[in-house]
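As stored in start.txt (compact mmCIF, C-alpha atoms):
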# COMPACT_ATOMS: atom_id res chain seq x y z
CA MET Z 1 -23.36 -79.59 -67.48
CA THR Z 2 -26.31 -80.77 -69.64
CA ASN Z 3 -29.69 -79.14 -69.72
CA ASN Z 4 -31.11 -81.99 -67.63
CA SER Z 5 -28.44 -81.72 -65.05
CA ARG Z 6 -28.98 -77.95 -64.89
CA LEU Z 7 -32.70 -78.57 -64.39
CA ALA Z 8 -32.04 -81.13 -61.69
CA ALA Z 9 -29.63 -78.84 -59.96
CA GLY Z 10 -32.14 -76.01 -60.18
CA LEU Z 11 -34.86 -78.16 -58.70
CA VAL Z 12 -32.66 -79.25 -55.84
CA LEU Z 13 -31.72 -75.63 -55.15
CA THR Z 14 -35.34 -74.56 -55.32
CA CYS Z 15 -36.40 -77.32 -52.94
CA VAL Z 16 -33.63 -76.53 -50.51
CA SER Z 17 -34.52 -72.85 -50.63
CA ALA Z 18 -38.20 -73.59 -50.16
CA TRP Z 19 -37.42 -75.85 -47.20
CA ALA Z 20 -35.20 -73.26 -45.74
CA CYS Z 21 -37.87 -70.59 -46.06
CA SER Z 22 -40.70 -72.67 -44.77
CA SER Z 23 -38.86 -74.32 -41.93
CA PRO Z 24 -38.81 -72.57 -38.60
CA LYS Z 25 -35.61 -70.67 -37.98
CA PRO Z 26 -33.19 -72.51 -35.83
CA ALA Z 27 -33.36 -71.31 -32.30
CA ALA Z 28 -30.92 -68.53 -31.54
CA PRO Z 29 -28.16 -69.61 -29.28
CA PRO Z 30 -28.98 -68.84 -25.71
CA PRO Z 31 -27.79 -65.38 -24.81
CA THR Z 32 -24.54 -65.41 -23.04
CA ALA Z 33 -24.97 -64.07 -19.57
CA ALA Z 34 -23.37 -60.65 -19.17
CA PRO Z 35 -20.14 -60.96 -17.30
CA ALA Z 36 -20.74 -60.25 -13.68
CA ALA Z 37 -19.35 -56.95 -12.47
CA PRO Z 38 -16.29 -57.51 -10.38
CA VAL Z 39 -17.22 -57.58 -6.78
CA MET Z 40 -15.51 -54.75 -4.94
CA THR Z 41 -15.06 -55.42 -1.31
CA PRO Z 42 -13.91 -52.71 1.04
CA VAL Z 43 -10.91 -52.94 3.29
CA VAL Z 44 -11.80 -50.14 5.66
CA SER Z 45 -14.78 -48.12 6.87
CA VAL Z 46 -15.78 -44.73 5.49
CA LYS Z 47 -14.23 -43.06 8.50
CA GLU Z 48 -10.91 -44.81 7.91
CA LEU Z 49 -11.04 -44.21 4.17
CA MET Z 50 -11.39 -40.51 4.91
CA ARG Z 51 -8.59 -40.46 7.45
CA PHE Z 52 -6.03 -42.54 5.60
CA ASP Z 53 -6.82 -41.79 1.98
CA ILE Z 54 -9.12 -38.90 1.08
CA ASP Z 55 -7.95 -36.40 3.67
CA PRO Z 56 -4.19 -36.87 3.07
CA VAL Z 57 -4.50 -36.60 -0.71
CA ALA Z 58 -6.65 -33.48 -0.33
CA ASP Z 59 -3.76 -31.94 1.60
CA ASN Z 60 -1.67 -32.12 -1.58
CA ILE Z 61 -4.11 -29.51 -2.87
CA PHE Z 62 -4.75 -27.46 0.27
CA ASP Z 63 -1.09 -27.17 1.25
CA ALA Z 64 0.08 -26.16 -2.21
CA VAL Z 65 -0.67 -22.46 -1.91
CA THR Z 66 -0.09 -20.72 1.40
CA TRP Z 67 0.88 -17.36 2.81
CA ASP Z 68 2.84 -17.56 6.03
CA ILE Z 69 3.16 -14.20 7.71
CA SER Z 70 5.61 -14.04 10.60
CA LYS Z 71 8.33 -11.83 12.04
CA LYS Z 72 10.55 -13.04 9.25
CA GLY Z 73 8.19 -11.51 6.73
CA ILE Z 74 5.74 -12.95 4.27
CA VAL Z 75 6.55 -16.31 2.78
CA ALA Z 76 4.28 -16.98 -0.17
CA LYS Z 77 4.34 -20.60 -1.20
CA GLU Z 78 2.92 -21.84 -4.46
CA PRO Z 79 3.74 -24.66 -6.87
CA THR Z 80 6.51 -23.73 -9.26
CA THR Z 81 8.49 -26.83 -10.18
CA ASP Z 82 7.42 -29.89 -12.15
CA GLU Z 83 7.54 -31.81 -8.90
CA ASP Z 84 5.27 -29.29 -7.14
CA TRP Z 85 2.63 -29.49 -9.85
CA GLU Z 86 2.95 -33.27 -10.02
CA LYS Z 87 2.09 -33.39 -6.34
CA VAL Z 88 -1.00 -31.22 -6.87
CA LYS Z 89 -2.13 -33.35 -9.77
CA THR Z 90 -1.50 -36.52 -7.81
CA GLY Z 91 -3.77 -35.18 -5.11
CA ALA Z 92 -6.47 -34.15 -7.55
CA VAL Z 93 -6.45 -37.38 -9.54
CA SER Z 94 -6.44 -39.46 -6.38
CA LEU Z 95 -9.30 -37.44 -4.96
CA ALA Z 96 -11.38 -37.63 -8.13
CA GLU Z 97 -10.89 -41.37 -8.47
CA ASN Z 98 -10.85 -42.46 -4.86
CA ILE Z 99 -13.99 -40.66 -3.85
CA TYR Z 100 -15.83 -43.22 -5.96
CA LEU Z 101 -14.78 -45.78 -3.37
CA LEU Z 102 -17.64 -44.32 -1.34
CA LYS Z 103 -19.92 -46.05 -3.82
CA VAL Z 104 -18.63 -49.38 -2.53
CA LYS Z 105 -20.85 -50.39 0.32
CA ARG Z 106 -18.84 -50.32 3.50
CA PRO Z 107 -19.43 -49.65 7.19
CA PHE Z 108 -19.30 -46.02 8.23
CA ALA Z 109 -16.98 -46.61 11.16
CA PRO Z 110 -14.88 -49.43 12.56
CA PRO Z 111 -16.67 -51.90 14.83
CA GLY Z 112 -17.53 -50.35 18.16
CA ASP Z 113 -16.97 -46.78 16.97
CA VAL Z 114 -20.24 -44.84 17.21
CA ASN Z 115 -18.75 -41.39 16.48
CA ASN Z 116 -19.54 -38.57 18.91
CA SER Z 117 -23.17 -39.61 18.88
CA THR Z 118 -23.87 -40.22 22.53
CA GLY Z 119 -24.87 -37.98 25.40
CA PRO Z 120 -27.06 -34.91 25.31
CA ASN Z 121 -27.05 -32.99 22.04
CA PRO Z 122 -24.48 -35.23 20.37
CA PRO Z 123 -22.56 -33.34 17.69
CA GLU Z 124 -22.26 -36.24 15.27
CA LEU Z 125 -24.55 -38.88 13.83
CA SER Z 126 -23.92 -42.52 14.65
CA PRO Z 127 -22.92 -44.88 11.82
CA ALA Z 128 -26.41 -46.40 11.96
CA GLN Z 129 -28.03 -42.97 11.59
CA ILE Z 130 -25.80 -42.15 8.64
CA GLN Z 131 -26.62 -45.46 6.98
CA ALA Z 132 -30.33 -44.78 7.45
CA LYS Z 133 -29.97 -41.40 5.73
CA LEU Z 134 -28.11 -42.98 2.85
CA ASP Z 135 -30.70 -45.76 2.49
CA LYS Z 136 -33.50 -43.19 2.47
CA ASP Z 137 -31.98 -41.13 -0.34
CA PRO Z 138 -29.10 -42.82 -2.15
CA VAL Z 139 -29.34 -40.29 -4.98
CA LEU Z 140 -28.29 -37.52 -2.63
CA TRP Z 141 -25.31 -39.57 -1.46
CA ASP Z 142 -24.19 -40.05 -5.05
CA ALA Z 143 -24.70 -36.35 -5.79
CA LYS Z 144 -22.41 -35.38 -2.93
CA ILE Z 145 -19.77 -37.76 -4.28
CA GLU Z 146 -20.09 -36.25 -7.75
CA ALA Z 147 -19.75 -32.73 -6.33
CA LEU Z 148 -16.38 -33.52 -4.83
CA ARG Z 149 -15.32 -35.36 -7.96
CA ASN Z 150 -16.14 -32.31 -10.07
CA ALA Z 151 -14.17 -30.04 -7.77
CA ALA Z 152 -11.20 -32.41 -7.99
CA LYS Z 153 -11.49 -32.54 -11.79
CA GLU Z 154 -11.29 -28.76 -11.82
CA ILE Z 155 -8.01 -29.01 -9.93
CA ILE Z 156 -6.66 -31.50 -12.47
CA GLU Z 157 -7.27 -28.98 -15.26
CA ILE Z 158 -5.68 -26.21 -13.23
CA ALA Z 159 -2.64 -28.37 -12.51
CA ASP Z 160 -2.25 -28.97 -16.22
CA LYS Z 161 -2.40 -25.22 -16.84
CA ARG Z 162 -0.14 -24.52 -13.85
CA ASP Z 163 -2.25 -21.64 -12.61
CA ALA Z 164 -1.43 -21.09 -8.93
CA LYS Z 165 -4.00 -18.32 -8.46
CA ALA Z 166 -6.78 -20.50 -9.83
CA LEU Z 167 -5.57 -23.36 -7.67
CA PHE Z 168 -6.00 -21.29 -4.52
CA GLU Z 169 -9.55 -20.34 -5.50
CA ALA Z 170 -10.53 -23.82 -6.62
CA SER Z 171 -9.19 -25.51 -3.52
CA ALA Z 172 -11.90 -23.60 -1.65
CA ASP Z 173 -14.42 -25.42 -3.86
CA VAL Z 174 -12.92 -28.74 -2.81
CA ASP Z 175 -13.30 -27.74 0.82
CA MET Z 176 -16.88 -26.67 0.23
CA ALA Z 177 -17.77 -29.99 -1.41
CA CYS Z 178 -16.28 -31.84 1.57
CA GLU Z 179 -18.04 -29.63 4.08
CA ASN Z 180 -21.43 -29.85 2.37
CA CYS Z 181 -21.33 -33.62 2.56
CA HIS Z 182 -20.18 -33.59 6.17
CA LEU Z 183 -22.99 -31.23 7.12
CA GLU Z 184 -25.44 -33.62 5.52
CA TYR Z 185 -24.19 -36.93 6.89
CA TRP Z 186 -21.65 -36.43 9.65
CA TYR Z 187 -22.54 -33.43 11.77
CA PRO Z 188 -25.85 -32.00 10.56
CA GLY Z 189 -26.27 -30.37 13.96
CA ASP Z 190 -23.80 -27.73 12.85
CA ARG Z 191 -26.15 -26.77 10.05
CA ALA Z 192 -28.44 -24.93 12.47
CA ALA Z 193 -25.52 -22.83 13.63
CA VAL Z 194 -24.49 -22.17 10.04
CA GLU Z 195 -27.96 -20.92 9.26
CA ASP Z 196 -28.06 -18.91 12.46
CA ASP Z 197 -24.77 -17.35 11.42
CA ALA Z 198 -26.26 -16.34 8.09
CA ARG Z 199 -29.28 -14.77 9.82
CA GLN Z 200 -27.13 -12.86 12.29
CA ARG Z 201 -24.90 -11.68 9.50
CA ALA Z 202 -27.91 -10.38 7.59
CA ARG Z 203 -29.12 -8.51 10.68
CA PHE Z 204 -25.64 -7.08 11.20
CA GLU Z 205 -25.44 -5.85 7.64
CA LYS Z 206 -28.92 -4.30 7.86
CA SER Z 207 -28.00 -2.60 11.11
CA ALA Z 208 -24.73 -1.29 9.68
CA LYS Z 209 -26.59 0.03 6.63
CA SER Z 210 -29.15 1.84 8.78
CA ALA Z 211 -26.40 3.37 10.91
CA LYS Z 212 -24.64 4.56 7.80
CA SER Z 213 -27.73 6.23 6.34
CA ALA Z 214 -28.59 7.82 9.71
CA LYS Z 215 -25.11 9.30 9.87
CA LYS Z 216 -25.56 10.85 6.43
CA LYS Z 217 -28.73 12.58 7.60
CA MET I 1 -23.64 0.72 17.94
CA THR I 2 -24.23 -2.77 19.07
CA LEU I 3 -22.44 -5.15 16.86
CA LEU I 4 -24.26 -8.26 16.00
CA LEU I 5 -21.71 -10.95 15.88
CA ALA I 6 -21.77 -13.99 13.74
CA ALA I 7 -22.68 -17.19 15.45
CA ALA I 8 -20.62 -20.26 15.65
CA ALA I 9 -17.51 -20.77 13.69
CA PHE I 10 -16.44 -24.03 12.18
CA LEU I 11 -13.59 -26.18 11.29
CA ALA I 12 -14.00 -27.83 7.94
CA HIS I 13 -13.81 -31.57 8.11
CA HIS I 14 -14.53 -31.57 11.79
CA SER I 15 -17.68 -31.14 13.69
CA PHE I 16 -17.42 -27.74 15.31
CA ALA I 17 -19.49 -28.94 18.24
CA ALA I 18 -17.28 -31.99 18.65
CA ASP I 19 -14.11 -29.96 18.95
CA PHE I 20 -15.23 -26.68 20.51
CA ASP I 21 -17.39 -25.90 23.45
CA THR I 22 -19.75 -23.00 22.87
CA THR I 23 -20.40 -22.79 26.58
CA ARG I 24 -16.70 -22.07 27.16
CA ARG I 25 -16.55 -18.70 25.52
CA VAL I 26 -13.22 -17.00 25.58
CA THR I 27 -12.10 -13.43 25.04
CA LEU I 28 -8.38 -13.00 24.47
CA THR I 29 -6.20 -9.98 23.92
CA GLY I 30 -2.74 -10.47 22.56
CA ARG I 31 -0.16 -9.70 19.92
CA VAL I 32 -0.15 -11.53 16.63
CA THR I 33 2.94 -13.71 16.17
CA LYS I 34 2.07 -15.53 12.98
CA ILE I 35 -0.66 -15.90 10.36
CA GLU I 36 -1.15 -18.84 8.03
CA TRP I 37 -3.36 -17.83 5.15
CA MET I 38 -4.38 -21.04 3.45
CA ASN I 39 -7.23 -23.38 2.60
CA PRO I 40 -9.26 -24.76 4.13
CA HIS I 41 -8.68 -22.46 7.11
CA VAL I 42 -6.75 -19.41 8.04
CA HIS I 43 -4.89 -19.69 11.34
CA ALA I 44 -3.48 -16.89 13.43
CA TYR I 45 -1.34 -17.14 16.54
CA ILE I 46 -1.28 -14.62 19.36
CA ASP I 47 0.79 -14.19 22.51
CA VAL I 48 -1.51 -13.57 25.44
CA LYS I 49 -0.06 -12.23 28.67
CA ASP I 50 -1.84 -13.07 31.89
CA GLU I 51 -1.98 -10.91 35.03
CA ARG I 52 1.25 -12.49 36.29
CA GLY I 53 3.06 -11.65 33.10
CA MET I 54 3.08 -15.23 31.85
CA VAL I 55 2.82 -15.39 28.06
CA THR I 56 0.86 -18.13 26.33
CA ASN I 57 0.68 -18.60 22.59
CA TRP I 58 -2.86 -19.31 21.38
CA THR I 59 -3.87 -20.82 18.07
CA LEU I 60 -6.86 -19.12 16.50
CA GLU I 61 -8.86 -20.97 13.90
CA MET I 62 -10.86 -18.98 11.40
CA GLY I 63 -12.73 -19.60 8.17
CA SER I 64 -11.45 -20.17 4.68
CA PRO I 65 -9.60 -17.41 2.82
CA ASN I 66 -12.61 -16.94 0.54
CA GLY I 67 -14.93 -16.77 3.52
CA LEU I 68 -12.78 -14.11 5.14
CA LYS I 69 -12.60 -12.18 1.92
CA GLU I 70 -16.39 -12.09 1.78
CA LYS I 71 -16.37 -10.49 5.21
CA GLY I 72 -14.03 -7.75 4.22
CA TRP I 73 -10.66 -9.30 4.99
CA THR I 74 -7.54 -9.06 2.92
CA ARG I 75 -4.24 -10.79 3.52
CA LYS I 76 -3.03 -7.50 4.97
CA SER I 77 -5.85 -7.09 7.50
CA LEU I 78 -3.83 -8.75 10.22
CA LYS I 79 -0.15 -8.10 10.75
CA VAL I 80 2.47 -9.59 12.99
CA GLY I 81 2.71 -7.44 16.12
CA ASP I 82 -0.89 -6.22 15.95
CA LEU I 83 -2.63 -6.11 19.30
CA VAL I 84 -6.01 -7.76 18.81
CA THR I 85 -8.92 -8.96 20.87
CA ILE I 86 -10.79 -12.04 19.83
CA ASP I 87 -14.04 -13.60 20.88
CA GLY I 88 -14.55 -17.30 20.37
CA SER I 89 -15.09 -20.77 21.70
CA ARG I 90 -12.42 -22.77 23.41
CA ALA I 91 -11.32 -26.25 22.36
CA LYS I 92 -13.01 -29.01 24.31
CA ASP I 93 -9.69 -30.70 25.03
CA GLY I 94 -8.56 -27.68 27.04
CA SER I 95 -5.68 -26.83 24.72
CA ASN I 96 -4.90 -23.23 23.86
CA ILE I 97 -6.92 -23.31 20.69
CA ALA I 98 -9.95 -21.16 20.03
CA ASN I 99 -12.40 -21.05 17.19
CA VAL I 100 -12.82 -17.36 16.50
CA ARG I 101 -16.16 -15.64 15.98
CA SER I 102 -14.90 -12.11 15.69
CA ILE I 103 -11.71 -10.17 16.04
CA VAL I 104 -11.10 -6.54 16.93
CA LEU I 105 -8.19 -5.04 15.00
CA PRO I 106 -5.89 -2.26 16.28
CA SER I 107 -8.01 0.25 14.34
CA GLY I 108 -10.99 -0.73 16.46
CA ALA I 109 -12.73 -2.39 13.55
CA ARG I 110 -14.36 -5.67 14.34
CA LEU I 111 -14.26 -8.31 11.65
CA LEU I 112 -16.14 -11.55 11.60
CA ALA I 113 -13.94 -14.58 11.36
CA ALA I 114 -15.98 -16.37 8.72
CA SER I 115 -15.44 -19.80 10.07
CA SER I 116 -18.85 -21.00 9.08
CA GLN I 117 -18.99 -21.72 5.41
CA GLY I 118 -22.62 -20.80 4.93
CA ASN I 119 -22.90 -23.53 2.36
CA THR I 120 -25.89 -25.44 3.48
CA SER I 121 -27.14 -26.57 0.10
Step by step, read the file and then write its structure as structure tokens.
Amino acid sequence: MTNNSRLAAGLVLTCVSAWACSSPKPAAPPPTAAPAAPVMTPVVSVKELMRFDIDPVADNIFDAVTWDISKKGIVAKEPTTDEDWEKVKTGAVSLAENIYLLKVKRPFAPPGDVNNSTGPNPPELSPAQIQAKLDKDPVLWDAKIEALRNAAKEIIEIADKRDAKALFEASADVDMACENCHLEYWYPGDRAAVEDDARQRARFEKSAKSAKSAKKK
Amino acid sequence: MTLLLAAAAFLAHHSFAADFDTTRRVTLTGRVTKIEWMNPHVHAYIDVKDERGMVTNWTLEMGSPNGLKEKGWTRKSLKVGDLVTIDGSRAKDGSNIANVRSIVLPSGARLLAASSQGNTS
């Protein structure tokens, strides 16, 4: 390449660069719309999901450790084999995963089923009442779901460690998570009796303590 | 001493009030035939003899093992053959099932049945 050609080439490059710098940047391609989340549609109501899915898989956990005391003696049952522990873990994994199905909007009961919500002092809330509670505070609904999920995750860890004693203790946590949610959304009327029970128990303990100290005197 | 008894007892995963009638209180005396110590509820079974000598087996629903433990129970508190008296609420469907509030053991000690979870958070 001669000096002139080098100069020409340099000028062309300079001009192109200058044009490139001074020209407005080409418009960025339009952002691609985020893929829509898959729409999850329920098959059954909450009540049916509980009956046919959540409750049966929870029994894999609850039924794993038992003490049956009869005339034949004490039969202590706990998971020992691979199959036994597999069943516990199946229950725990299913519970932890499936409880998230409560995040999929679905009716609370099948059509026409209003729970035990009629008559004087009905023990249960109607599906409409439950929905209203959820709509008012969806964060609380999610928190109850997470509580059960955490309890189920604890069982998964225990199943991996194969600790039957811990399983028995932790299955009570699963029950408590279930019951707390039910007391909030299903039969909150029982809550008053629960609290009354706690008050009576406190009075009983105080009374027993006083009787004990009086006896000492 | 007057014992102050715990109030209502509960079944987990069921509305207590839906399944049991607090206005149908029941007091039963009978011999323990079986105990199932498990989550979420401990169950005991007793043979109750009526005035004609007819024996009926009743199912007694109590609280969770942990709940019972908090109230002073151990797995050995109740034995097969023990003669006990319970106080509770009868099932609404009329079956021989009672939700137990308290139970008097052969020693005379009265234990609360811990059915309510007391977990109202």
> How many Å lie between atom CA of Met50 of chain Z and atom CA of Ile35 of chain I, rounded to one decimal?
Replying inline: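 Distance between the two atoms: 27.4 Å.
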For segment 133-136 of chain Z, find every residue with an atom within 12 Å (counting only C-alpha atoms), except residues of its own chain fewer than 5 positions away, and show them as an mmCIF file with C-alpha atoms, in the coordinates of the input.
data_model
loop_
_atom_site.group_PDB
_atom_site.id
_atom_site.type_symbol
_atom_site.label_atom_id
_atom_site.label_comp_id
_atom_site.auth_asym_id
_atom_site.auth_seq_id
_atom_site.Cartn_x
_atom_site.Cartn_y
_atom_site.Cartn_z
ATOM 1 C CA LEU Z 102 -17.640 -44.320 -1.340
ATOM 2 C CA LYS Z 103 -19.920 -46.050 -3.820
ATOM 3 C CA LYS Z 105 -20.850 -50.390 0.320
ATOM 4 C CA ARG Z 106 -18.840 -50.320 3.500
ATOM 5 C CA PRO Z 107 -19.430 -49.650 7.190
ATOM 6 C CA PHE Z 108 -19.300 -46.020 8.230
ATOM 7 C CA LEU Z 125 -24.550 -38.880 13.830
ATOM 8 C CA SER Z 126 -23.920 -42.520 14.650
ATOM 9 C CA PRO Z 127 -22.920 -44.880 11.820
ATOM 10 C CA ALA Z 128 -26.410 -46.400 11.960
ATOM 11 C CA TRP Z 141 -25.310 -39.570 -1.460
ATOM 12 C CA ASP Z 142 -24.190 -40.050 -5.050
ATOM 13 C CA ALA Z 143 -24.700 -36.350 -5.790
ATOM 14 C CA LYS Z 144 -22.410 -35.380 -2.930
ATOM 15 C CA CYS Z 181 -21.330 -33.620 2.560
ATOM 16 C CA GLU Z 184 -25.440 -33.620 5.520
ATOM 17 C CA TYR Z 185 -24.190 -36.930 6.890
ATOM 18 C CA TRP Z 186 -21.650 -36.430 9.650
ATOM 19 C CA PRO Z 188 -25.850 -32.000 10.560
#
> Which polymer residues have any atom within 10 Å of an atom of Ala98 of chain I, counting all atoms listed in the file, with same-chain residues fewer than 6 positions away left out, as a PyMOL selection string?
Replying inline: chain I and resi 9+19-21+24-28+58-62+86-92
Pull C-alpha atoms from the residues just selected and write them as a PDB file, in the frame of the given file.
ATOM      1  CA  ALA I   9     -17.510 -20.770  13.690  1.00  0.00           C
ATOM      2  CA  ASP I  19     -14.110 -29.960  18.950  1.00  0.00           C
ATOM      3  CA  PHE I  20     -15.230 -26.680  20.510  1.00  0.00           C
ATOM      4  CA  ASP I  21     -17.390 -25.900  23.450  1.00  0.00           C
ATOM      5  CA  ARG I  24     -16.700 -22.070  27.160  1.00  0.00           C
ATOM      6  CA  ARG I  25     -16.550 -18.700  25.520  1.00  0.00           C
ATOM      7  CA  VAL I  26     -13.220 -17.000  25.580  1.00  0.00           C
ATOM      8  CA  THR I  27     -12.100 -13.430  25.040  1.00  0.00           C
ATOM      9  CA  LEU I  28      -8.380 -13.000  24.470  1.00  0.00           C
ATOM     10  CA  TRP I  58      -2.860 -19.310  21.380  1.00  0.00           C
ATOM     11  CA  THR I  59      -3.870 -20.820  18.070  1.00  0.00           C
ATOM     12  CA  LEU I  60      -6.860 -19.120  16.500  1.00  0.00           C
ATOM     13  CA  GLU I  61      -8.860 -20.970  13.900  1.00  0.00           C
ATOM     14  CA  MET I  62     -10.860 -18.980  11.400  1.00  0.00           C
ATOM     15  CA  ILE I  86     -10.790 -12.040  19.830  1.00  0.00           C
ATOM     16  CA  ASP I  87     -14.040 -13.600  20.880  1.00  0.00           C
ATOM     17  CA  GLY I  88     -14.550 -17.300  20.370  1.00  0.00           C
ATOM     18  CA  SER I  89     -15.090 -20.770  21.700  1.00  0.00           C
ATOM     19  CA  ARG I  90     -12.420 -22.770  23.410  1.00  0.00           C
ATOM     20  CA  ALA I  91     -11.320 -26.250  22.360  1.00  0.00           C
ATOM     21  CA  LYS I  92     -13.010 -29.010  24.310  1.00  0.00           C
TER      22      LYS I  92
END
>> At a cut-off of 8 Å, using all atoms listed in the file, what residues contact Thr29 of chain I? Leave out same-chain residues fewer than 3 positions from it and give the result as a count of residues only.
In response: 5
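Of the listed residues (I:Pro65, I:Gly30, I:Gly53, I:Gly108), I:Pro65 comes nearest to chain Z; the distances count all atoms listed in the file.
Atom pair atom CA of Val57 of chain Z / atom CA of Gln129 of chain Z: separated by 27.3 Å.
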> Skipping near chain neighbours, those fewer than 4 positions away, what residues fall within 6 Å of Lys34 of chain I using all atoms listed in the file, listed as number ranges by chain?
Replying inline: Z: 69-70; I: 44-45, 80
> Do you have the atom CA of Ser107 of chain I-atom CA of Glu169 of chain Z distance handy?
Replying inline: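 Between these atoms lies a distance of 28.6 Å.
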>> Could you check the closest approach to Glu86 of chain Z for each of Z:Ala177, Z:Ile130, Z:Ile158, Z:Ala34 and tell me which residue wins, using all atoms listed in the file?
In response: Z:Ile158
> Got a sec to check which residues sit within 10 Å of (-25.9, -28.9, 23.5), counting all atoms listed in the file, and write them as a count of residues only?
Replying inline: 10
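Each of I:Asp47, I:Lys76, I:Ile97, I:Arg52 was compared to chain Z using all atoms listed in the file, and I:Lys76 turns out to be the nearest.
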> Excluding same-chain residues fewer than 4 positions from Trp85 of chain Z, what lies within 9 Å of it counting all atoms listed in the file, as a PyMOL selection string?
Replying inline: chain Z and resi 64+79-81+89-90+159-160+162
Coordinate excerpt as an mmCIF file, in the first residue's frame: segment 64-79 of chain I, N, CA and C atoms:
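Final output, saved to decode-v2.cif:
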data_model
loop_
_atom_site.group_PDB
_atom_site.id
_atom_site.type_symbol
_atom_site.label_atom_id
_atom_site.label_comp_id
_atom_site.auth_asym_id
_atom_site.auth_seq_id
_atom_site.Cartn_x
_atom_site.Cartn_y
_atom_site.Cartn_z
ATOM 1 N N SER I 64 -52.371 -34.710 71.437
ATOM 2 C CA SER I 64 -51.169 -35.272 70.828
ATOM 3 C C SER I 64 -50.252 -35.816 71.925
ATOM 4 N N PRO I 65 -49.361 -36.716 71.588
ATOM 5 C CA PRO I 65 -48.409 -37.216 72.592
ATOM 6 C C PRO I 65 -47.649 -36.088 73.291
ATOM 7 N N ASN I 66 -47.215 -35.095 72.534
ATOM 8 C CA ASN I 66 -46.499 -33.977 73.158
ATOM 9 C C ASN I 66 -47.399 -33.202 74.102
ATOM 10 N N GLY I 67 -48.645 -33.025 73.686
ATOM 11 C CA GLY I 67 -49.599 -32.307 74.534
ATOM 12 C C GLY I 67 -49.827 -33.046 75.840
ATOM 13 N N LEU I 68 -49.946 -34.355 75.745
ATOM 14 C CA LEU I 68 -50.143 -35.156 76.963
ATOM 15 C C LEU I 68 -48.907 -35.092 77.855
ATOM 16 N N LYS I 69 -47.771 -35.127 77.215
ATOM 17 C CA LYS I 69 -46.520 -35.080 77.982
ATOM 18 C C LYS I 69 -46.429 -33.790 78.791
ATOM 19 N N GLU I 70 -46.877 -32.706 78.169
ATOM 20 C CA GLU I 70 -46.857 -31.410 78.872
ATOM 21 C C GLU I 70 -47.766 -31.415 80.086
ATOM 22 N N LYS I 71 -48.758 -32.289 80.068
ATOM 23 C CA LYS I 71 -49.694 -32.335 81.195
ATOM 24 C C LYS I 71 -49.356 -33.448 82.170
ATOM 25 N N GLY I 72 -48.170 -33.961 82.040
ATOM 26 C CA GLY I 72 -47.703 -34.916 83.041
ATOM 27 C C GLY I 72 -47.862 -36.376 82.668
ATOM 28 N N TRP I 73 -48.255 -36.638 81.432
ATOM 29 C CA TRP I 73 -48.418 -38.028 81.014
ATOM 30 C C TRP I 73 -47.085 -38.625 80.580
ATOM 31 N N THR I 74 -47.015 -39.946 80.751
ATOM 32 C CA THR I 74 -45.973 -40.714 80.069
ATOM 33 C C THR I 74 -46.693 -41.842 79.344
ATOM 34 N N ARG I 75 -45.956 -42.579 78.558
ATOM 35 C CA ARG I 75 -46.587 -43.706 77.848
ATOM 36 C C ARG I 75 -47.057 -44.781 78.824
ATOM 37 N N LYS I 76 -46.547 -44.704 80.054
ATOM 38 C CA LYS I 76 -46.921 -45.727 81.035
ATOM 39 C C LYS I 76 -48.045 -45.269 81.965
ATOM 40 N N SER I 77 -48.557 -44.060 81.737
ATOM 41 C CA SER I 77 -49.591 -43.539 82.645
ATOM 42 C C SER I 77 -50.847 -44.387 82.623
ATOM 43 N N LEU I 78 -51.155 -44.915 81.466
ATOM 44 C CA LEU I 78 -52.370 -45.692 81.286
ATOM 45 C C LEU I 78 -51.979 -47.098 80.862
ATOM 46 N N LYS I 79 -52.563 -48.063 81.551
ATOM 47 C CA LYS I 79 -52.220 -49.461 81.224
ATOM 48 C C LYS I 79 -53.484 -50.245 80.889
#
